[in-house]
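S.K.: Please find final.txt (compact mmCIF, N, CA and C atoms) on the next line:
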```txt
# COMPACT_ATOMS: atom_id res chain seq x y z
N MET Z 24 -14.52 14.83 23.96
CA MET Z 24 -14.93 15.12 22.62
C MET Z 24 -14.10 14.28 21.66
N ALA Z 25 -14.73 13.67 20.66
CA ALA Z 25 -14.03 12.81 19.70
C ALA Z 25 -13.29 13.64 18.68
N LYS Z 26 -12.10 13.22 18.39
CA LYS Z 26 -11.29 13.91 17.39
C LYS Z 26 -11.57 13.30 16.02
N THR Z 27 -11.86 14.13 15.05
CA THR Z 27 -12.14 13.63 13.70
C THR Z 27 -10.85 13.56 12.92
N LYS Z 28 -10.75 12.55 12.08
CA LYS Z 28 -9.57 12.39 11.23
C LYS Z 28 -9.75 13.23 9.97
N ASN Z 29 -8.69 13.84 9.53
CA ASN Z 29 -8.70 14.51 8.24
C ASN Z 29 -7.47 14.08 7.46
N LYS Z 30 -7.37 14.55 6.24
CA LYS Z 30 -6.29 14.13 5.36
C LYS Z 30 -4.91 14.39 5.97
N ASP Z 31 -4.79 15.45 6.76
CA ASP Z 31 -3.49 15.81 7.33
C ASP Z 31 -3.04 14.87 8.44
N ASP Z 32 -3.92 13.98 8.93
CA ASP Z 32 -3.58 13.07 10.01
C ASP Z 32 -2.86 11.81 9.54
N PHE Z 33 -2.76 11.59 8.23
CA PHE Z 33 -2.15 10.37 7.70
C PHE Z 33 -0.66 10.55 7.46
N LEU Z 34 0.08 9.47 7.63
CA LEU Z 34 1.49 9.45 7.27
C LEU Z 34 1.56 9.50 5.75
N LEU Z 35 2.44 10.33 5.22
CA LEU Z 35 2.56 10.47 3.77
C LEU Z 35 3.88 9.90 3.28
N PHE Z 36 3.85 9.31 2.09
CA PHE Z 36 5.05 8.84 1.40
C PHE Z 36 4.93 9.35 -0.03
N LYS Z 37 5.86 10.19 -0.43
CA LYS Z 37 5.85 10.82 -1.76
C LYS Z 37 4.52 11.53 -2.02
N GLY Z 38 3.99 12.17 -0.98
CA GLY Z 38 2.79 12.98 -1.12
C GLY Z 38 1.47 12.23 -1.11
N LYS Z 39 1.50 10.92 -0.90
CA LYS Z 39 0.28 10.12 -0.86
C LYS Z 39 0.16 9.45 0.51
N PRO Z 40 -1.08 9.27 0.98
CA PRO Z 40 -1.26 8.70 2.33
C PRO Z 40 -0.93 7.22 2.42
N LEU Z 41 -0.41 6.83 3.57
CA LEU Z 41 -0.17 5.43 3.94
C LEU Z 41 -1.09 5.12 5.11
N VAL Z 42 -1.94 4.10 4.95
CA VAL Z 42 -2.87 3.72 6.00
C VAL Z 42 -2.63 2.25 6.32
N ARG Z 43 -2.37 1.96 7.60
CA ARG Z 43 -2.05 0.60 8.02
C ARG Z 43 -3.13 0.03 8.92
N ASN Z 44 -3.44 -1.25 8.70
CA ASN Z 44 -4.32 -1.99 9.59
C ASN Z 44 -3.72 -3.39 9.73
N GLY Z 45 -3.06 -3.64 10.85
CA GLY Z 45 -2.41 -4.93 11.04
C GLY Z 45 -1.26 -5.11 10.06
N ASN Z 46 -1.30 -6.19 9.28
CA ASN Z 46 -0.26 -6.47 8.30
C ASN Z 46 -0.61 -5.97 6.91
N THR Z 47 -1.62 -5.13 6.79
CA THR Z 47 -2.05 -4.59 5.51
C THR Z 47 -1.82 -3.08 5.49
N ILE Z 48 -1.22 -2.60 4.40
CA ILE Z 48 -0.96 -1.17 4.23
C ILE Z 48 -1.53 -0.75 2.89
N TYR Z 49 -2.32 0.32 2.89
CA TYR Z 49 -2.83 0.91 1.66
C TYR Z 49 -2.03 2.17 1.38
N TYR Z 50 -1.60 2.33 0.13
CA TYR Z 50 -0.83 3.50 -0.28
C TYR Z 50 -1.57 4.18 -1.41
N GLY Z 51 -1.94 5.43 -1.21
CA GLY Z 51 -2.64 6.20 -2.23
C GLY Z 51 -3.97 6.71 -1.72
N ASN Z 52 -4.61 7.52 -2.54
CA ASN Z 52 -5.92 8.09 -2.22
C ASN Z 52 -7.01 7.16 -2.70
N MET Z 53 -7.93 6.80 -1.82
CA MET Z 53 -9.03 5.92 -2.21
C MET Z 53 -9.97 6.60 -3.21
N SER Z 54 -9.90 7.90 -3.35
CA SER Z 54 -10.72 8.60 -4.33
C SER Z 54 -10.11 8.53 -5.74
N ASP Z 55 -8.85 8.10 -5.85
CA ASP Z 55 -8.22 7.91 -7.16
C ASP Z 55 -8.67 6.59 -7.77
N GLU Z 56 -8.34 6.39 -9.04
CA GLU Z 56 -8.75 5.16 -9.73
C GLU Z 56 -7.97 3.93 -9.26
N TYR Z 57 -6.74 4.13 -8.78
CA TYR Z 57 -5.88 3.03 -8.34
C TYR Z 57 -5.27 3.33 -6.98
N VAL Z 58 -4.97 2.28 -6.22
CA VAL Z 58 -4.18 2.36 -4.99
C VAL Z 58 -3.27 1.13 -4.95
N VAL Z 59 -2.30 1.18 -4.07
CA VAL Z 59 -1.39 0.05 -3.88
C VAL Z 59 -1.73 -0.61 -2.55
N LEU Z 60 -1.85 -1.93 -2.58
CA LEU Z 60 -2.10 -2.73 -1.39
C LEU Z 60 -0.83 -3.51 -1.07
N LEU Z 61 -0.31 -3.31 0.13
CA LEU Z 61 0.90 -4.00 0.59
C LEU Z 61 0.50 -4.93 1.72
N GLN Z 62 0.81 -6.21 1.58
CA GLN Z 62 0.51 -7.18 2.63
C GLN Z 62 1.82 -7.78 3.13
N VAL Z 63 2.09 -7.63 4.42
CA VAL Z 63 3.30 -8.19 5.02
C VAL Z 63 3.08 -9.69 5.18
N MET Z 64 3.88 -10.48 4.45
CA MET Z 64 3.73 -11.93 4.45
C MET Z 64 4.69 -12.61 5.42
N GLY Z 65 5.76 -11.91 5.78
CA GLY Z 65 6.73 -12.51 6.69
C GLY Z 65 7.64 -11.46 7.30
N THR Z 66 8.16 -11.80 8.49
CA THR Z 66 9.09 -10.91 9.17
C THR Z 66 10.31 -11.72 9.60
N ARG Z 67 11.36 -10.99 9.97
CA ARG Z 67 12.56 -11.65 10.50
C ARG Z 67 13.06 -10.84 11.69
N LYS Z 68 13.75 -11.52 12.57
CA LYS Z 68 14.24 -10.89 13.79
C LYS Z 68 15.70 -10.50 13.59
N VAL Z 69 16.03 -9.24 13.86
CA VAL Z 69 17.40 -8.75 13.84
C VAL Z 69 17.65 -8.13 15.20
N GLN Z 70 18.47 -8.80 15.98
CA GLN Z 70 18.70 -8.44 17.38
C GLN Z 70 17.35 -8.37 18.09
N ASP Z 71 16.94 -7.20 18.58
CA ASP Z 71 15.67 -7.09 19.30
C ASP Z 71 14.54 -6.56 18.42
N LEU Z 72 14.82 -6.30 17.14
CA LEU Z 72 13.82 -5.73 16.24
C LEU Z 72 13.21 -6.78 15.33
N GLU Z 73 11.93 -6.64 15.05
CA GLU Z 73 11.26 -7.49 14.07
C GLU Z 73 11.08 -6.67 12.81
N LEU Z 74 11.76 -7.08 11.73
CA LEU Z 74 11.74 -6.34 10.47
C LEU Z 74 10.88 -7.05 9.43
N THR Z 75 10.25 -6.26 8.58
CA THR Z 75 9.47 -6.81 7.48
C THR Z 75 10.40 -7.48 6.49
N ASP Z 76 10.08 -8.71 6.11
CA ASP Z 76 10.92 -9.47 5.19
C ASP Z 76 10.25 -9.64 3.83
N ARG Z 77 9.11 -10.29 3.80
CA ARG Z 77 8.40 -10.54 2.54
C ARG Z 77 7.12 -9.70 2.48
N VAL Z 78 6.93 -9.00 1.35
CA VAL Z 78 5.76 -8.14 1.19
C VAL Z 78 5.14 -8.42 -0.18
N LEU Z 79 3.84 -8.68 -0.19
CA LEU Z 79 3.09 -8.83 -1.42
C LEU Z 79 2.58 -7.45 -1.82
N VAL Z 80 2.94 -7.01 -3.03
CA VAL Z 80 2.57 -5.69 -3.55
C VAL Z 80 1.53 -5.89 -4.64
N GLN Z 81 0.40 -5.20 -4.53
CA GLN Z 81 -0.65 -5.29 -5.55
C GLN Z 81 -1.11 -3.89 -5.93
N LEU Z 82 -1.15 -3.62 -7.22
CA LEU Z 82 -1.78 -2.40 -7.73
C LEU Z 82 -3.22 -2.78 -8.01
N ILE Z 83 -4.15 -2.10 -7.34
CA ILE Z 83 -5.56 -2.48 -7.48
C ILE Z 83 -6.41 -1.28 -7.89
N LYS Z 84 -7.50 -1.58 -8.59
CA LYS Z 84 -8.48 -0.56 -8.94
C LYS Z 84 -9.40 -0.34 -7.74
N THR Z 85 -9.88 0.86 -7.57
CA THR Z 85 -10.76 1.17 -6.44
C THR Z 85 -12.23 1.07 -6.80
N ASP Z 86 -12.56 0.61 -8.00
CA ASP Z 86 -13.94 0.48 -8.45
C ASP Z 86 -14.67 -0.58 -7.62
N PRO Z 87 -15.68 -0.19 -6.83
CA PRO Z 87 -16.38 -1.16 -5.97
C PRO Z 87 -17.25 -2.15 -6.74
N ASP Z 88 -17.52 -1.88 -8.02
CA ASP Z 88 -18.36 -2.78 -8.81
C ASP Z 88 -17.60 -3.99 -9.34
N LEU Z 89 -16.28 -3.98 -9.25
CA LEU Z 89 -15.46 -5.09 -9.73
C LEU Z 89 -15.28 -6.13 -8.62
N SER Z 90 -15.11 -7.38 -9.03
CA SER Z 90 -14.81 -8.43 -8.05
C SER Z 90 -13.38 -8.25 -7.55
N PRO Z 91 -13.04 -8.83 -6.41
CA PRO Z 91 -11.67 -8.68 -5.89
C PRO Z 91 -10.59 -9.14 -6.88
N PHE Z 92 -10.86 -10.17 -7.66
CA PHE Z 92 -9.86 -10.65 -8.62
C PHE Z 92 -9.75 -9.73 -9.83
N GLU Z 93 -10.85 -9.10 -10.21
CA GLU Z 93 -10.82 -8.17 -11.35
C GLU Z 93 -10.13 -6.85 -10.99
N ARG Z 94 -10.07 -6.54 -9.73
CA ARG Z 94 -9.44 -5.29 -9.29
C ARG Z 94 -7.93 -5.32 -9.41
N ILE Z 95 -7.32 -6.49 -9.31
CA ILE Z 95 -5.85 -6.60 -9.32
C ILE Z 95 -5.32 -6.33 -10.72
N VAL Z 96 -4.46 -5.33 -10.84
CA VAL Z 96 -3.85 -4.97 -12.12
C VAL Z 96 -2.47 -5.59 -12.22
N LYS Z 97 -1.67 -5.46 -11.16
CA LYS Z 97 -0.30 -6.02 -11.11
C LYS Z 97 -0.04 -6.52 -9.71
N LYS Z 98 0.84 -7.52 -9.61
CA LYS Z 98 1.28 -7.95 -8.27
C LYS Z 98 2.65 -8.58 -8.35
N VAL Z 99 3.39 -8.45 -7.25
CA VAL Z 99 4.73 -8.99 -7.13
C VAL Z 99 5.04 -9.15 -5.64
N GLU Z 100 5.95 -10.07 -5.33
CA GLU Z 100 6.42 -10.20 -3.95
C GLU Z 100 7.82 -9.62 -3.87
N LYS Z 101 8.04 -8.76 -2.87
CA LYS Z 101 9.34 -8.11 -2.67
C LYS Z 101 9.87 -8.41 -1.28
N ARG Z 102 11.17 -8.28 -1.13
CA ARG Z 102 11.81 -8.43 0.18
C ARG Z 102 12.05 -7.04 0.75
N GLY Z 103 11.47 -6.77 1.88
CA GLY Z 103 11.64 -5.49 2.56
C GLY Z 103 10.56 -4.49 2.20
N LEU Z 104 10.21 -3.69 3.17
CA LEU Z 104 9.14 -2.72 2.99
C LEU Z 104 9.55 -1.60 2.04
N TYR Z 105 10.81 -1.16 2.10
CA TYR Z 105 11.23 -0.06 1.23
C TYR Z 105 11.13 -0.44 -0.25
N SER Z 106 11.63 -1.61 -0.62
CA SER Z 106 11.56 -2.01 -2.03
C SER Z 106 10.12 -2.23 -2.47
N ALA Z 107 9.25 -2.68 -1.55
CA ALA Z 107 7.84 -2.86 -1.87
C ALA Z 107 7.17 -1.51 -2.11
N LEU Z 108 7.44 -0.54 -1.24
CA LEU Z 108 6.89 0.80 -1.42
C LEU Z 108 7.44 1.47 -2.67
N ASP Z 109 8.69 1.22 -2.96
CA ASP Z 109 9.33 1.82 -4.12
C ASP Z 109 8.65 1.35 -5.41
N ILE Z 110 8.48 0.05 -5.60
CA ILE Z 110 7.84 -0.45 -6.82
C ILE Z 110 6.37 -0.07 -6.85
N GLY Z 111 5.71 -0.09 -5.69
CA GLY Z 111 4.31 0.30 -5.63
C GLY Z 111 4.09 1.75 -6.02
N SER Z 112 4.97 2.63 -5.58
CA SER Z 112 4.81 4.05 -5.92
C SER Z 112 5.05 4.30 -7.41
N VAL Z 113 5.98 3.56 -8.01
CA VAL Z 113 6.22 3.69 -9.45
C VAL Z 113 5.00 3.22 -10.24
N TRP Z 114 4.46 2.05 -9.89
CA TRP Z 114 3.26 1.55 -10.56
C TRP Z 114 2.11 2.53 -10.44
N LEU Z 115 1.91 3.06 -9.23
CA LEU Z 115 0.79 3.95 -8.99
C LEU Z 115 0.92 5.23 -9.81
N GLU Z 116 2.10 5.84 -9.80
CA GLU Z 116 2.30 7.06 -10.57
C GLU Z 116 2.08 6.83 -12.06
N ARG Z 117 2.57 5.73 -12.58
CA ARG Z 117 2.39 5.44 -14.02
C ARG Z 117 0.92 5.29 -14.38
N GLU Z 118 0.16 4.58 -13.56
CA GLU Z 118 -1.27 4.35 -13.86
C GLU Z 118 -2.08 5.63 -13.70
N LEU Z 119 -1.75 6.45 -12.73
CA LEU Z 119 -2.50 7.67 -12.52
C LEU Z 119 -2.23 8.72 -13.59
N LYS Z 120 -1.08 8.62 -14.28
CA LYS Z 120 -0.76 9.56 -15.35
C LYS Z 120 -1.49 9.25 -16.65
N LYS Z 121 -1.97 8.01 -16.80
CA LYS Z 121 -2.65 7.60 -18.03
C LYS Z 121 -3.97 8.32 -18.20
```
Starting from the file, give its structure as structure tokens.

M.R.:
Amino acid sequence: MAKTKNKDDFLLFKGKPLVRNGNTIYYGNMSDEYVVLLQVMGTRKVQDLELTDRVLVQLIKTDPDLSPFERIVKKVEKRGLYSALDIGSVWLERELKK
């Protein structure tokens, strides 16, 4: 029997879901007006671990009627996944409060 996914199956960061596909991570609810798109652009090796080094952070609108370029509200490149998630969560919270 196939198991269905529900909201509780996602990893959460500050109460919002994190969904990963390869080097792309979406942060936020797709039903909201905005989400954060994180793209891992580079990694580095530390002993036996491969760590995320460069991450492109984009605050995007979820409106399907907009072109991909019109959806981008803000973007920045950060070093490390934590700093990328940190700035992304701040941007997302600010936009969702408006």

S.K.: Hey, can you pull every residue with an atom no more than 6.5 Å from (1.8, 0.9, -6.8), using only N, CA and C atoms, and send it as a PyMOL selection string?

M.R.: chain Z and resi 58-60+81-82+110-116

S.K.: For Ser54 of chain Z, which of Z:Pro91, Z:Val80, Z:Leu119, Z:Ala107 is the closest residue, counting only C-alpha atoms?

M.R.: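 Distance minimum relative to Ser54 of chain Z lands on Z:Leu119.
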
S.K.: Fewer than 5 positions away in the same chain doesn't count, so skip those; otherwise give me all residues within 8 Å of Lys39 of chain Z, counting only N, CA and C atoms, as a PyMOL selection string.

M.R.: chain Z and resi 33-34+49-52

S.K.: Using DSSP secondary structure from the backbone, list all strand (DSSP E or B) positions within chain Z, as a ChimeraX atom specification.

M.R.: /Z:34-36,39-44,47-50,57-69,72-84,95-102

S.K.: For atom CA of Val69 of chain Z and atom CA of Ser106 of chain Z, determine how far apart the two atoms are, in Å to one decimal place.

M.R.: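 We find that atom CA of Val69 of chain Z and atom CA of Ser106 of chain Z lie 18.2 Å from each other.
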
S.K.: Quick one, how far is atom CA of Leu108 of chain Z from atom CA of Arg94 of chain Z?

M.R.: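 Computing it gives 19.1 Å between the two atoms.
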
S.K.: Can you measure atom CA of Thr85 of chain Z to atom C of Glu56 of chain Z for me? One decimal in Å is fine.

M.R.: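 Computing it gives 4.8 Å between the two atoms.
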
S.K.: Counting only C-alpha atoms, which residue out of Z:Phe36, Z:Pro87, Z:Glu100, Z:Lys121 sits closest to Leu61 of chain Z?

M.R.: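 Ranked by minimum distance to Leu61 of chain Z, first place goes to Z:Glu100.
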
S.K.: Enumerate, as a list in words, the complete set of residues in segment 27-121 of chain Z that a backbone-based DSSP assignment places in alpha helix (DSSP H).

M.R.: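 Across segment 27-121 of chain Z, those assigned alpha helix (DSSP H) are Pro91, Phe92, Glu93, Arg94, Leu104, Tyr105, Ser106, Ala107, Leu108, Asp109, Ile110, Gly111, Ser112, Val113, Trp114, Leu115, Glu116, Arg117, Glu118, Leu119 and Lys120 of chain Z.
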
S.K.: May I have the residues from that selection written out with N, CA and C atoms, as a PDB file, in the coordinates of the input?

M.R.:
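That gives us selection.pdb:
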```pdb
ATOM      1  N   PRO Z  91     -13.040  -8.830  -6.410  1.00  0.00           N
ATOM      2  CA  PRO Z  91     -11.670  -8.680  -5.890  1.00  0.00           C
ATOM      3  C   PRO Z  91     -10.590  -9.140  -6.880  1.00  0.00           C
ATOM      4  N   PHE Z  92     -10.860 -10.170  -7.660  1.00  0.00           N
ATOM      5  CA  PHE Z  92      -9.860 -10.650  -8.620  1.00  0.00           C
ATOM      6  C   PHE Z  92      -9.750  -9.730  -9.830  1.00  0.00           C
ATOM      7  N   GLU Z  93     -10.850  -9.100 -10.210  1.00  0.00           N
ATOM      8  CA  GLU Z  93     -10.820  -8.170 -11.350  1.00  0.00           C
ATOM      9  C   GLU Z  93     -10.130  -6.850 -10.990  1.00  0.00           C
ATOM     10  N   ARG Z  94     -10.070  -6.540  -9.730  1.00  0.00           N
ATOM     11  CA  ARG Z  94      -9.440  -5.290  -9.290  1.00  0.00           C
ATOM     12  C   ARG Z  94      -7.930  -5.320  -9.410  1.00  0.00           C
ATOM     13  N   LEU Z 104      10.210  -3.690   3.170  1.00  0.00           N
ATOM     14  CA  LEU Z 104       9.140  -2.720   2.990  1.00  0.00           C
ATOM     15  C   LEU Z 104       9.550  -1.600   2.040  1.00  0.00           C
ATOM     16  N   TYR Z 105      10.810  -1.160   2.100  1.00  0.00           N
ATOM     17  CA  TYR Z 105      11.230  -0.060   1.230  1.00  0.00           C
ATOM     18  C   TYR Z 105      11.130  -0.440  -0.250  1.00  0.00           C
ATOM     19  N   SER Z 106      11.630  -1.610  -0.620  1.00  0.00           N
ATOM     20  CA  SER Z 106      11.560  -2.010  -2.030  1.00  0.00           C
ATOM     21  C   SER Z 106      10.120  -2.230  -2.470  1.00  0.00           C
ATOM     22  N   ALA Z 107       9.250  -2.680  -1.550  1.00  0.00           N
ATOM     23  CA  ALA Z 107       7.840  -2.860  -1.870  1.00  0.00           C
ATOM     24  C   ALA Z 107       7.170  -1.510  -2.110  1.00  0.00           C
ATOM     25  N   LEU Z 108       7.440  -0.540  -1.240  1.00  0.00           N
ATOM     26  CA  LEU Z 108       6.890   0.800  -1.420  1.00  0.00           C
ATOM     27  C   LEU Z 108       7.440   1.470  -2.670  1.00  0.00           C
ATOM     28  N   ASP Z 109       8.690   1.220  -2.960  1.00  0.00           N
ATOM     29  CA  ASP Z 109       9.330   1.820  -4.120  1.00  0.00           C
ATOM     30  C   ASP Z 109       8.650   1.350  -5.410  1.00  0.00           C
ATOM     31  N   ILE Z 110       8.480   0.050  -5.600  1.00  0.00           N
ATOM     32  CA  ILE Z 110       7.840  -0.450  -6.820  1.00  0.00           C
ATOM     33  C   ILE Z 110       6.370  -0.070  -6.850  1.00  0.00           C
ATOM     34  N   GLY Z 111       5.710  -0.090  -5.690  1.00  0.00           N
ATOM     35  CA  GLY Z 111       4.310   0.300  -5.630  1.00  0.00           C
ATOM     36  C   GLY Z 111       4.090   1.750  -6.020  1.00  0.00           C
ATOM     37  N   SER Z 112       4.970   2.630  -5.580  1.00  0.00           N
ATOM     38  CA  SER Z 112       4.810   4.050  -5.920  1.00  0.00           C
ATOM     39  C   SER Z 112       5.050   4.300  -7.410  1.00  0.00           C
ATOM     40  N   VAL Z 113       5.980   3.560  -8.010  1.00  0.00           N
ATOM     41  CA  VAL Z 113       6.220   3.690  -9.450  1.00  0.00           C
ATOM     42  C   VAL Z 113       5.000   3.220 -10.240  1.00  0.00           C
ATOM     43  N   TRP Z 114       4.460   2.050  -9.890  1.00  0.00           N
ATOM     44  CA  TRP Z 114       3.260   1.550 -10.560  1.00  0.00           C
ATOM     45  C   TRP Z 114       2.110   2.530 -10.440  1.00  0.00           C
ATOM     46  N   LEU Z 115       1.910   3.060  -9.230  1.00  0.00           N
ATOM     47  CA  LEU Z 115       0.790   3.950  -8.990  1.00  0.00           C
ATOM     48  C   LEU Z 115       0.920   5.230  -9.810  1.00  0.00           C
ATOM     49  N   GLU Z 116       2.100   5.840  -9.800  1.00  0.00           N
ATOM     50  CA  GLU Z 116       2.300   7.060 -10.570  1.00  0.00           C
ATOM     51  C   GLU Z 116       2.080   6.830 -12.060  1.00  0.00           C
ATOM     52  N   ARG Z 117       2.570   5.730 -12.580  1.00  0.00           N
ATOM     53  CA  ARG Z 117       2.390   5.440 -14.020  1.00  0.00           C
ATOM     54  C   ARG Z 117       0.920   5.290 -14.380  1.00  0.00           C
ATOM     55  N   GLU Z 118       0.160   4.580 -13.560  1.00  0.00           N
ATOM     56  CA  GLU Z 118      -1.270   4.350 -13.860  1.00  0.00           C
ATOM     57  C   GLU Z 118      -2.080   5.630 -13.700  1.00  0.00           C
ATOM     58  N   LEU Z 119      -1.750   6.450 -12.730  1.00  0.00           N
ATOM     59  CA  LEU Z 119      -2.500   7.670 -12.520  1.00  0.00           C
ATOM     60  C   LEU Z 119      -2.230   8.720 -13.590  1.00  0.00           C
ATOM     61  N   LYS Z 120      -1.080   8.620 -14.280  1.00  0.00           N
ATOM     62  CA  LYS Z 120      -0.760   9.560 -15.350  1.00  0.00           C
ATOM     63  C   LYS Z 120      -1.490   9.250 -16.650  1.00  0.00           C
TER      64      LYS Z 120
END
```

S.K.: Could you check the closest approach to Thr75 of chain Z for each of Z:Tyr57, Z:Ile95, Z:Gly103, Z:Leu89 and tell me which residue wins, using only C-alpha atoms?

M.R.: Z:Gly103

S.K.: Applying 8 Å and only N, CA and C atoms, which residues near Thr66 of chain Z remain after dropping the ones on its own chain fewer than 5 positions away? List them as a PyMOL selection string.

M.R.: chain Z and resi 73-78
